[in-house]
Amino acid sequence: MSYTSTRFIRHFRLSSAFGCSTRDIGCLRITPAKKKFCTAAISVVQKGSEELLVVVGGGAAGFYGAVRAKTVAPKLNVVVIEKGQPLSKVKISGGGRCNVTNGHCVEKKILAENYPRGHKEFKGSFFDMHGPDDTMSWFSDHGVDLKVEEDGRVFPVSNSSSTIIDCLMSEASRTGVVLQTGKTVRTASANGGKFLLGIGKQTTSPVEYVEADYLLIASGNSSQGFSLASQLGHSIIDPVPSLFTFKTVDPQLAELSGVTFSKVKAKLILESVKRNIQQFTQVGPMLVTHWGLSGPVILRLSAWGARDLFSSCYKGTVTVDFIPDLHIEAVKSMLSRHKLQFLKQKVSNSYPPEFGLVKRFWKYILDRQGFSGDDLWSSIPNNTLASVASLLKNCDFGITGKVLNVDGVTGGFNFQNAWSGGYIAGSTIGTRVSDAHLKGLDLA
C-alpha cells in the first residue's frame with residue numbers, strides 16, 4: 001500500500017480465538033466490553049469545526065484510548081462506536097472482579113515474555129510508555145483503590161469489576177467522549193488524508209458515511225477490525241485459535257471432572273515440532289474437565305503452541321508432573337516409607353500426604369497402574385512403587401482436539417496490553433491535534 005496516513009492509529013488484539021501479524025499494524029491484546037448504558041442519538045457528523053476521532057470498539061482499550069486522546073486534546077471530538085454493550089469483557093473478567101493488570105511483572109522484558117504473539121516487539125518501548133505501574137497509578141488517581149494478590153494479579157479492593165467500569169464511564173463522560181452503541185463501522189477508506197467511514201446499525205440497514213480525521217481500531221477479537229485494516233490496504237495473517245483447553249479420550253480422566261491442582265508442570269509434545277521450545281513447558285494451576293484438561297497452565301500451552309497445534313491438527317501429547325516440587329527419588333522414598341508404615345492398609349485408602357493429592361486422583365493413578373481396590377501396601381513390590389512415582393512425575397495425556405470459548409486466568413496481561421495500547425494511541429492522536437492547534441495559533 002503506497003498510501004501511509006499519519007492519522008491512522010491501529011490497535012488490535014491477539015485474542016483467545018485470533019492471532020494477527022500485519023505490516024505496519026500494532027498487534028495488541030484488548031477485549032471488547034459491556035455495561036448497560038444509554039446515549040442520546042447524537043450523529044457523529046455533528047462535530048462542528050473541530051477534528052473528529054472515531055474509535056472502533058467500546059472495550060478496555062477503546063475507552064482508555066478515547067479518554068486519553070480527549071484529555072490531551074480537549075477540543076478534539078471523540079466518538080466511540082460499539083455494536084454491543086460497552087465494557088462487557090471488563091465486567092466478567094477475573095470472575096467478575098476485573099484482573100486489571102499484573103503487579104509482579106513491571107520490568108518490560110519479563111512482562112513481554114507473557115505474550116505468545118508480540119513478545120519480541122513488546123521488549124521495545126511499548127511498556128516503557130505505559131506499563132503496569134502507570135496503569136495502577138492512573139486508576140488510583142481516579143479514585144480506584146487497588147490491591148496486588150500473592151500471584152501478582154491486581155484487582156480493585158472492592159472485588160467488583162463495576163468499580164473499573166464506573167471509573168472508565170465517569171472519565172469518558174467528564175472529558176466529553178461520546179458513546180454510540182448498536183452501530184458498527186462497516187467500511188473504511190482513505191479519502192484525501194482523512195477516513196471515509198461507513199457506519200450502520202445492522203448489515204442490511206442503510207449506511208451513514210462519516211469523514212473522520214483520526215481512526216483508532218480497538219475491536220478486540222471481532223473480525224471487524226481485520227476487515228477494516230484490509231480495506232485500508234494492510235495484509236492480515238490468517239488467525240488461528242488460541243487460549244483453548246485440551247480434549248482427551250480418557251474415560252477414567254473424565255470421572256475426575258472438577259478436580260483442581262494448584263501447581264503442576266505440563267509439557268506440550270508435538271510430532272511436527274522437533275526443536276526444544278522453552279514456552280512449551282509451563283507451571284501453574286490445572287483443572288480436569290469432563291472433556292479433558294483446562295486451567296491456566298493448559299491455556300498458556302495452547303497460546304504458545306497455537307500455530308504448531310493448528311498445523312498438527314490438534315493432535316499431540318501433554319506430559320504432566322503432578323508434584324513438580326519433589327524430585328522423583330524423593331517421591332520413591334516417600335512411597336517406600338508410607339508402605340512400611342501402613343503395611344496392612346489398602347493402597348487405595350492412604351498415600352503420602354506430602355503429595356497434596358485428592359483421593360479421587362490417587363485412585364485414578366492406581367487404576368492406570370492396574371491396582372485392585374483390595375490391594376494392601378504390603379503386597380506392592382518396590383519396582384511397582386517406582387512405576388507409581390514415575391507416573392506421578394510424568395503422566396502422559398493424548399490430545400485429540402481443542403475446546404474453545406473458555407475462561408482463562410492469564411494474570412492481567414491481556415488488560416495491560418489494552419491499557420498500554422489505548423494510552424499510546426490516545427496520546428499520539430491527542431498530541432498531534434494539540435501540536436497542530438498550537439502551530440495554528442502561532443501562524444495567526
# chains A, B, ... in the order shown; residues from 1 in each chain; ligands from 1

call {"tool": "select_by_dssp", "arguments": {"residues": "stretch 259-381 of chain A", "states": "alpha helix (DSSP H)", "output": "PyMOL selection string"}}
result
chain A and resi 296-304+306-311+328-341+359-368

call {"tool": "residues_around", "arguments": {"residues": "A:Phe155", "least_positions_apart": "3", "cutoff": "12 Å", "atoms": "only C-alpha atoms", "output": "PDB file with N, CA, C and O atoms, in the first residue's frame"}}
result
ATOM      1  N   VAL A  90     -14.709  -6.456  30.514  1.00  0.00           N
ATOM      2  CA  VAL A  90     -14.235  -5.935  31.788  1.00  0.00           C
ATOM      3  C   VAL A  90     -15.151  -6.422  32.904  1.00  0.00           C
ATOM      4  O   VAL A  90     -14.697  -6.801  33.984  1.00  0.00           O
ATOM      5  N   SER A  93     -14.431 -10.267  33.570  1.00  0.00           N
ATOM      6  CA  SER A  93     -13.052 -10.711  33.756  1.00  0.00           C
ATOM      7  C   SER A  93     -12.737 -10.971  35.219  1.00  0.00           C
ATOM      8  O   SER A  93     -13.313 -10.356  36.126  1.00  0.00           O
ATOM      9  N   GLY A  94     -11.827 -11.901  35.451  1.00  0.00           N
ATOM     10  CA  GLY A  94     -11.396 -12.208  36.811  1.00  0.00           C
ATOM     11  C   GLY A  94     -12.527 -12.669  37.697  1.00  0.00           C
ATOM     12  O   GLY A  94     -12.558 -12.370  38.891  1.00  0.00           O
ATOM     13  N   GLY A  95     -13.476 -13.412  37.109  1.00  0.00           N
ATOM     14  CA  GLY A  95     -14.603 -13.892  37.892  1.00  0.00           C
ATOM     15  C   GLY A  95     -15.503 -12.777  38.385  1.00  0.00           C
ATOM     16  O   GLY A  95     -16.128 -12.894  39.441  1.00  0.00           O
ATOM     17  N   GLY A  96     -15.571 -11.690  37.582  1.00  0.00           N
ATOM     18  CA  GLY A  96     -16.399 -10.552  37.973  1.00  0.00           C
ATOM     19  C   GLY A  96     -15.668  -9.537  38.827  1.00  0.00           C
ATOM     20  O   GLY A  96     -16.255  -8.539  39.248  1.00  0.00           O
ATOM     21  N   ARG A  97     -14.358  -9.769  39.073  1.00  0.00           N
ATOM     22  CA  ARG A  97     -13.576  -8.836  39.895  1.00  0.00           C
ATOM     23  C   ARG A  97     -12.723  -7.893  39.055  1.00  0.00           C
ATOM     24  O   ARG A  97     -12.278  -6.868  39.544  1.00  0.00           O
ATOM     25  N   CYS A  98     -12.452  -8.247  37.809  1.00  0.00           N
ATOM     26  CA  CYS A  98     -11.612  -7.496  36.873  1.00  0.00           C
ATOM     27  C   CYS A  98     -10.141  -7.523  37.267  1.00  0.00           C
ATOM     28  O   CYS A  98      -9.688  -6.763  38.137  1.00  0.00           O
ATOM     29  N   ASN A  99      -9.406  -8.405  36.614  1.00  0.00           N
ATOM     30  CA  ASN A  99      -7.964  -8.516  36.818  1.00  0.00           C
ATOM     31  C   ASN A  99      -7.292  -7.398  36.019  1.00  0.00           C
ATOM     32  O   ASN A  99      -6.971  -7.562  34.855  1.00  0.00           O
ATOM     33  N   VAL A 100      -7.094  -6.249  36.665  1.00  0.00           N
ATOM     34  CA  VAL A 100      -6.681  -5.015  35.990  1.00  0.00           C
ATOM     35  C   VAL A 100      -5.336  -5.150  35.289  1.00  0.00           C
ATOM     36  O   VAL A 100      -5.169  -4.765  34.135  1.00  0.00           O
ATOM     37  N   THR A 101      -4.341  -5.686  35.995  1.00  0.00           N
ATOM     38  CA  THR A 101      -3.003  -5.835  35.426  1.00  0.00           C
ATOM     39  C   THR A 101      -2.238  -6.834  36.289  1.00  0.00           C
ATOM     40  O   THR A 101      -2.829  -7.525  37.115  1.00  0.00           O
ATOM     41  N   ASN A 102      -0.927  -6.906  36.098  1.00  0.00           N
ATOM     42  CA  ASN A 102      -0.094  -7.768  36.921  1.00  0.00           C
ATOM     43  C   ASN A 102       0.964  -6.917  37.614  1.00  0.00           C
ATOM     44  O   ASN A 102       1.711  -6.192  36.956  1.00  0.00           O
ATOM     45  N   GLY A 103       1.010  -7.012  38.933  1.00  0.00           N
ATOM     46  CA  GLY A 103       1.926  -6.169  39.701  1.00  0.00           C
ATOM     47  C   GLY A 103       3.291  -6.755  39.939  1.00  0.00           C
ATOM     48  O   GLY A 103       4.154  -6.098  40.521  1.00  0.00           O
ATOM     49  N   THR A 135      -0.492   2.066  34.841  1.00  0.00           N
ATOM     50  CA  THR A 135      -1.908   1.693  34.871  1.00  0.00           C
ATOM     51  C   THR A 135      -2.462   1.773  36.282  1.00  0.00           C
ATOM     52  O   THR A 135      -3.536   2.345  36.521  1.00  0.00           O
ATOM     53  N   MET A 136      -1.716   1.207  37.247  1.00  0.00           N
ATOM     54  CA  MET A 136      -2.178   1.244  38.632  1.00  0.00           C
ATOM     55  C   MET A 136      -2.267   2.679  39.151  1.00  0.00           C
ATOM     56  O   MET A 136      -3.207   3.034  39.870  1.00  0.00           O
ATOM     57  N   PHE A 139      -5.511   4.447  37.653  1.00  0.00           N
ATOM     58  CA  PHE A 139      -6.760   4.092  38.324  1.00  0.00           C
ATOM     59  C   PHE A 139      -6.786   4.624  39.757  1.00  0.00           C
ATOM     60  O   PHE A 139      -7.830   5.086  40.240  1.00  0.00           O
ATOM     61  N   SER A 140      -5.646   4.586  40.431  1.00  0.00           N
ATOM     62  CA  SER A 140      -5.589   5.122  41.796  1.00  0.00           C
ATOM     63  C   SER A 140      -5.874   6.615  41.808  1.00  0.00           C
ATOM     64  O   SER A 140      -6.605   7.121  42.666  1.00  0.00           O
ATOM     65  N   VAL A 144      -9.817   4.733  42.286  1.00  0.00           N
ATOM     66  CA  VAL A 144      -9.964   3.280  42.423  1.00  0.00           C
ATOM     67  C   VAL A 144      -8.854   2.732  43.314  1.00  0.00           C
ATOM     68  O   VAL A 144      -7.672   2.848  42.984  1.00  0.00           O
ATOM     69  N   ASP A 145      -9.228   2.157  44.444  1.00  0.00           N
ATOM     70  CA  ASP A 145      -8.254   1.516  45.326  1.00  0.00           C
ATOM     71  C   ASP A 145      -7.957   0.121  44.796  1.00  0.00           C
ATOM     72  O   ASP A 145      -8.872  -0.663  44.524  1.00  0.00           O
ATOM     73  N   LEU A 146      -6.669  -0.198  44.640  1.00  0.00           N
ATOM     74  CA  LEU A 146      -6.258  -1.476  44.075  1.00  0.00           C
ATOM     75  C   LEU A 146      -5.481  -2.303  45.088  1.00  0.00           C
ATOM     76  O   LEU A 146      -4.922  -1.764  46.044  1.00  0.00           O
ATOM     77  N   LYS A 147      -5.424  -3.591  44.858  1.00  0.00           N
ATOM     78  CA  LYS A 147      -4.638  -4.494  45.695  1.00  0.00           C
ATOM     79  C   LYS A 147      -3.902  -5.481  44.798  1.00  0.00           C
ATOM     80  O   LYS A 147      -4.393  -5.872  43.729  1.00  0.00           O
ATOM     81  N   VAL A 148      -2.704  -5.875  45.218  1.00  0.00           N
ATOM     82  CA  VAL A 148      -1.903  -6.856  44.485  1.00  0.00           C
ATOM     83  C   VAL A 148      -1.947  -8.163  45.264  1.00  0.00           C
ATOM     84  O   VAL A 148      -1.514  -8.232  46.414  1.00  0.00           O
ATOM     85  N   GLU A 149      -2.466  -9.216  44.629  1.00  0.00           N
ATOM     86  CA  GLU A 149      -2.566 -10.504  45.304  1.00  0.00           C
ATOM     87  C   GLU A 149      -1.245 -11.264  45.210  1.00  0.00           C
ATOM     88  O   GLU A 149      -0.323 -10.860  44.497  1.00  0.00           O
ATOM     89  N   GLU A 150      -1.152 -12.366  45.927  1.00  0.00           N
ATOM     90  CA  GLU A 150       0.104 -13.097  46.067  1.00  0.00           C
ATOM     91  C   GLU A 150       0.708 -13.506  44.735  1.00  0.00           C
ATOM     92  O   GLU A 150       1.924 -13.515  44.562  1.00  0.00           O
ATOM     93  N   ASP A 151      -0.143 -13.844  43.762  1.00  0.00           N
ATOM     94  CA  ASP A 151       0.356 -14.287  42.464  1.00  0.00           C
ATOM     95  C   ASP A 151       0.617 -13.131  41.499  1.00  0.00           C
ATOM     96  O   ASP A 151       0.947 -13.351  40.336  1.00  0.00           O
ATOM     97  N   GLY A 152       0.464 -11.897  41.970  1.00  0.00           N
ATOM     98  CA  GLY A 152       0.750 -10.732  41.141  1.00  0.00           C
ATOM     99  C   GLY A 152      -0.462 -10.102  40.499  1.00  0.00           C
ATOM    100  O   GLY A 152      -0.383  -8.981  39.981  1.00  0.00           O
ATOM    101  N   SER A 158     -12.542  -3.349  46.008  1.00  0.00           N
ATOM    102  CA  SER A 158     -13.971  -3.666  46.089  1.00  0.00           C
ATOM    103  C   SER A 158     -14.286  -5.078  45.625  1.00  0.00           C
ATOM    104  O   SER A 158     -15.389  -5.587  45.862  1.00  0.00           O
ATOM    105  N   ASN A 159     -13.317  -5.718  44.930  1.00  0.00           N
ATOM    106  CA  ASN A 159     -13.531  -7.050  44.334  1.00  0.00           C
ATOM    107  C   ASN A 159     -14.702  -7.056  43.363  1.00  0.00           C
ATOM    108  O   ASN A 159     -15.371  -8.081  43.186  1.00  0.00           O
ATOM    109  N   SER A 160     -14.949  -5.938  42.741  1.00  0.00           N
ATOM    110  CA  SER A 160     -16.039  -5.823  41.772  1.00  0.00           C
ATOM    111  C   SER A 160     -15.567  -5.103  40.521  1.00  0.00           C
ATOM    112  O   SER A 160     -14.987  -4.019  40.601  1.00  0.00           O
ATOM    113  N   SER A 161     -15.819  -5.717  39.365  1.00  0.00           N
ATOM    114  CA  SER A 161     -15.443  -5.088  38.098  1.00  0.00           C
ATOM    115  C   SER A 161     -16.225  -3.805  37.850  1.00  0.00           C
ATOM    116  O   SER A 161     -15.800  -2.957  37.064  1.00  0.00           O
ATOM    117  N   SER A 162     -17.363  -3.665  38.522  1.00  0.00           N
ATOM    118  CA  SER A 162     -18.162  -2.441  38.355  1.00  0.00           C
ATOM    119  C   SER A 162     -17.374  -1.201  38.752  1.00  0.00           C
ATOM    120  O   SER A 162     -17.601  -0.108  38.215  1.00  0.00           O
ATOM    121  N   THR A 163     -16.441  -1.360  39.690  1.00  0.00           N
ATOM    122  CA  THR A 163     -15.610  -0.231  40.106  1.00  0.00           C
ATOM    123  C   THR A 163     -14.775   0.285  38.940  1.00  0.00           C
ATOM    124  O   THR A 163     -14.646   1.503  38.743  1.00  0.00           O
ATOM    125  N   ILE A 164     -14.206  -0.632  38.160  1.00  0.00           N
ATOM    126  CA  ILE A 164     -13.393  -0.253  36.995  1.00  0.00           C
ATOM    127  C   ILE A 164     -14.282   0.330  35.903  1.00  0.00           C
ATOM    128  O   ILE A 164     -13.945   1.346  35.275  1.00  0.00           O
ATOM    129  N   GLY A 411      -3.601 -13.603  34.415  1.00  0.00           N
ATOM    130  CA  GLY A 411      -2.763 -12.781  35.284  1.00  0.00           C
ATOM    131  C   GLY A 411      -2.809 -11.297  35.039  1.00  0.00           C
ATOM    132  O   GLY A 411      -1.990 -10.548  35.577  1.00  0.00           O
ATOM    133  N   GLY A 412      -3.739 -10.804  34.221  1.00  0.00           N
ATOM    134  CA  GLY A 412      -3.861  -9.373  33.979  1.00  0.00           C
ATOM    135  C   GLY A 412      -3.088  -8.860  32.785  1.00  0.00           C
ATOM    136  O   GLY A 412      -3.087  -7.665  32.502  1.00  0.00           O
ATOM    137  N   PHE A 415      -5.352  -7.276  29.805  1.00  0.00           N
ATOM    138  CA  PHE A 415      -5.791  -5.903  30.039  1.00  0.00           C
ATOM    139  C   PHE A 415      -4.630  -4.919  30.029  1.00  0.00           C
ATOM    140  O   PHE A 415      -4.782  -3.787  29.576  1.00  0.00           O
TER     141      PHE A 415
END

call {"tool": "atom_distance", "arguments": {"atom1": "atom CA of A:Asp128", "atom2": "atom CA of A:Glu171"}}
result
23.7 Å

call {"tool": "closest_residue", "arguments": {"among": "A:Thr431, A:Thr248, A:Gln282, A:Ser230", "to": "A:Thr317", "atoms": "only C-alpha atoms"}}
result
A:Thr248

call {"tool": "residues_around", "arguments": {"residues": "A:Glu51", "least_positions_apart": "2", "cutoff": "7 Å", "atoms": "only C-alpha atoms", "output": "VMD selection string"}}
result
chain A and resid 49 53 76 to 77 213

call {"tool": "atom_distance", "arguments": {"atom1": "atom CA of A:Lys265", "atom2": "atom CA of A:Val318"}}
result
10.0 Å

call {"tool": "closest_residue", "arguments": {"among": "A:Cys105, A:Leu340, A:Leu309, A:Ala60", "to": "A:Ser88", "atoms": "only C-alpha atoms"}}
result
A:Ala60

call {"tool": "residues_around", "arguments": {"residues": "A:Ser348", "least_positions_apart": "4", "cutoff": "10 Å", "atoms": "only C-alpha atoms", "output": "JSON, numbers by chain"}}
result
{"A": [359, 360, 362, 363, 364, 365, 366, 367, 371, 372, 373, 374, 375, 376, 377]}

call {"tool": "closest_residue", "arguments": {"among": "A:Lys75, A:His234, A:Lys194, A:Arg68", "to": "A:Ser434", "atoms": "only C-alpha atoms"}}
result
A:Lys75

call {"tool": "select_by_dssp", "arguments": {"residues": "stretch 32-273 of chain A", "states": "strand (DSSP E or B)", "output": "PyMOL selection string"}}
result
chain A and resi 52-56+77-82+101-102+146-148+153-156+178-181+184-191+194-200+208-212+214-218+236+245-248+260-269

call {"tool": "residues_around", "arguments": {"residues": "A:Thr175", "least_positions_apart": "2", "cutoff": "10 Å", "atoms": "only C-alpha atoms", "output": "list of chain:residue names"}}
result
A:Ala66, A:Val67, A:Arg68, A:Ala69, A:Lys70, A:Thr71, A:Ala73, A:Pro74, A:Lys75, A:Val78, A:Ser170, A:Glu171, A:Ala172, A:Ser173, A:Val177, A:Val178

call {"tool": "closest_residue", "arguments": {"among": "A:Ala389, A:Leu253, A:Val80, A:Val403", "to": "A:Pro241", "atoms": "only C-alpha atoms"}}
result
A:Val403

call {"tool": "atom_distance", "arguments": {"atom1": "atom CA of A:Lys89", "atom2": "atom CA of A:Tyr64"}}
result
14.0 Å

call {"tool": "residues_around", "arguments": {"residues": "stretch 331-339 of chain A", "least_positions_apart": "3", "cutoff": "7 Å", "atoms": "only C-alpha atoms", "output": "mmCIF file with C-alpha atoms, in the first residue's frame"}}
result
data_model
loop_
_atom_site.group_PDB
_atom_site.id
_atom_site.type_symbol
_atom_site.label_atom_id
_atom_site.label_comp_id
_atom_site.auth_asym_id
_atom_site.auth_seq_id
_atom_site.Cartn_x
_atom_site.Cartn_y
_atom_site.Cartn_z
ATOM 1 C CA LEU A 326 9.524 -33.071 44.618
ATOM 2 C CA HIS A 327 12.376 -34.934 42.902
ATOM 3 C CA ILE A 328 11.445 -38.399 41.683
ATOM 4 C CA PHE A 342 0.777 -48.774 56.561
ATOM 5 C CA LEU A 343 1.508 -52.363 55.539
ATOM 6 C CA TYR A 351 -0.935 -42.244 50.383
ATOM 7 C CA PRO A 352 1.803 -39.804 51.430
ATOM 8 C CA TRP A 377 0.525 -51.817 50.797
ATOM 9 C CA SER A 378 2.367 -54.917 51.948
ATOM 10 C CA LEU A 385 6.261 -48.205 43.692
ATOM 11 C CA ALA A 386 8.907 -46.811 41.345
ATOM 12 C CA ALA A 389 6.411 -42.435 41.272
#

call {"tool": "residues_around", "arguments": {"residues": "A:Gly65", "least_positions_apart": "6", "cutoff": "8 Å", "atoms": "only C-alpha atoms", "output": "count of residues only"}}
result
8

call {"tool": "closest_residue", "arguments": {"among": "A:Phe361, A:Phe127, A:Phe280, A:Phe63", "to": "A:Gln416", "atoms": "only C-alpha atoms"}}
result
A:Phe127
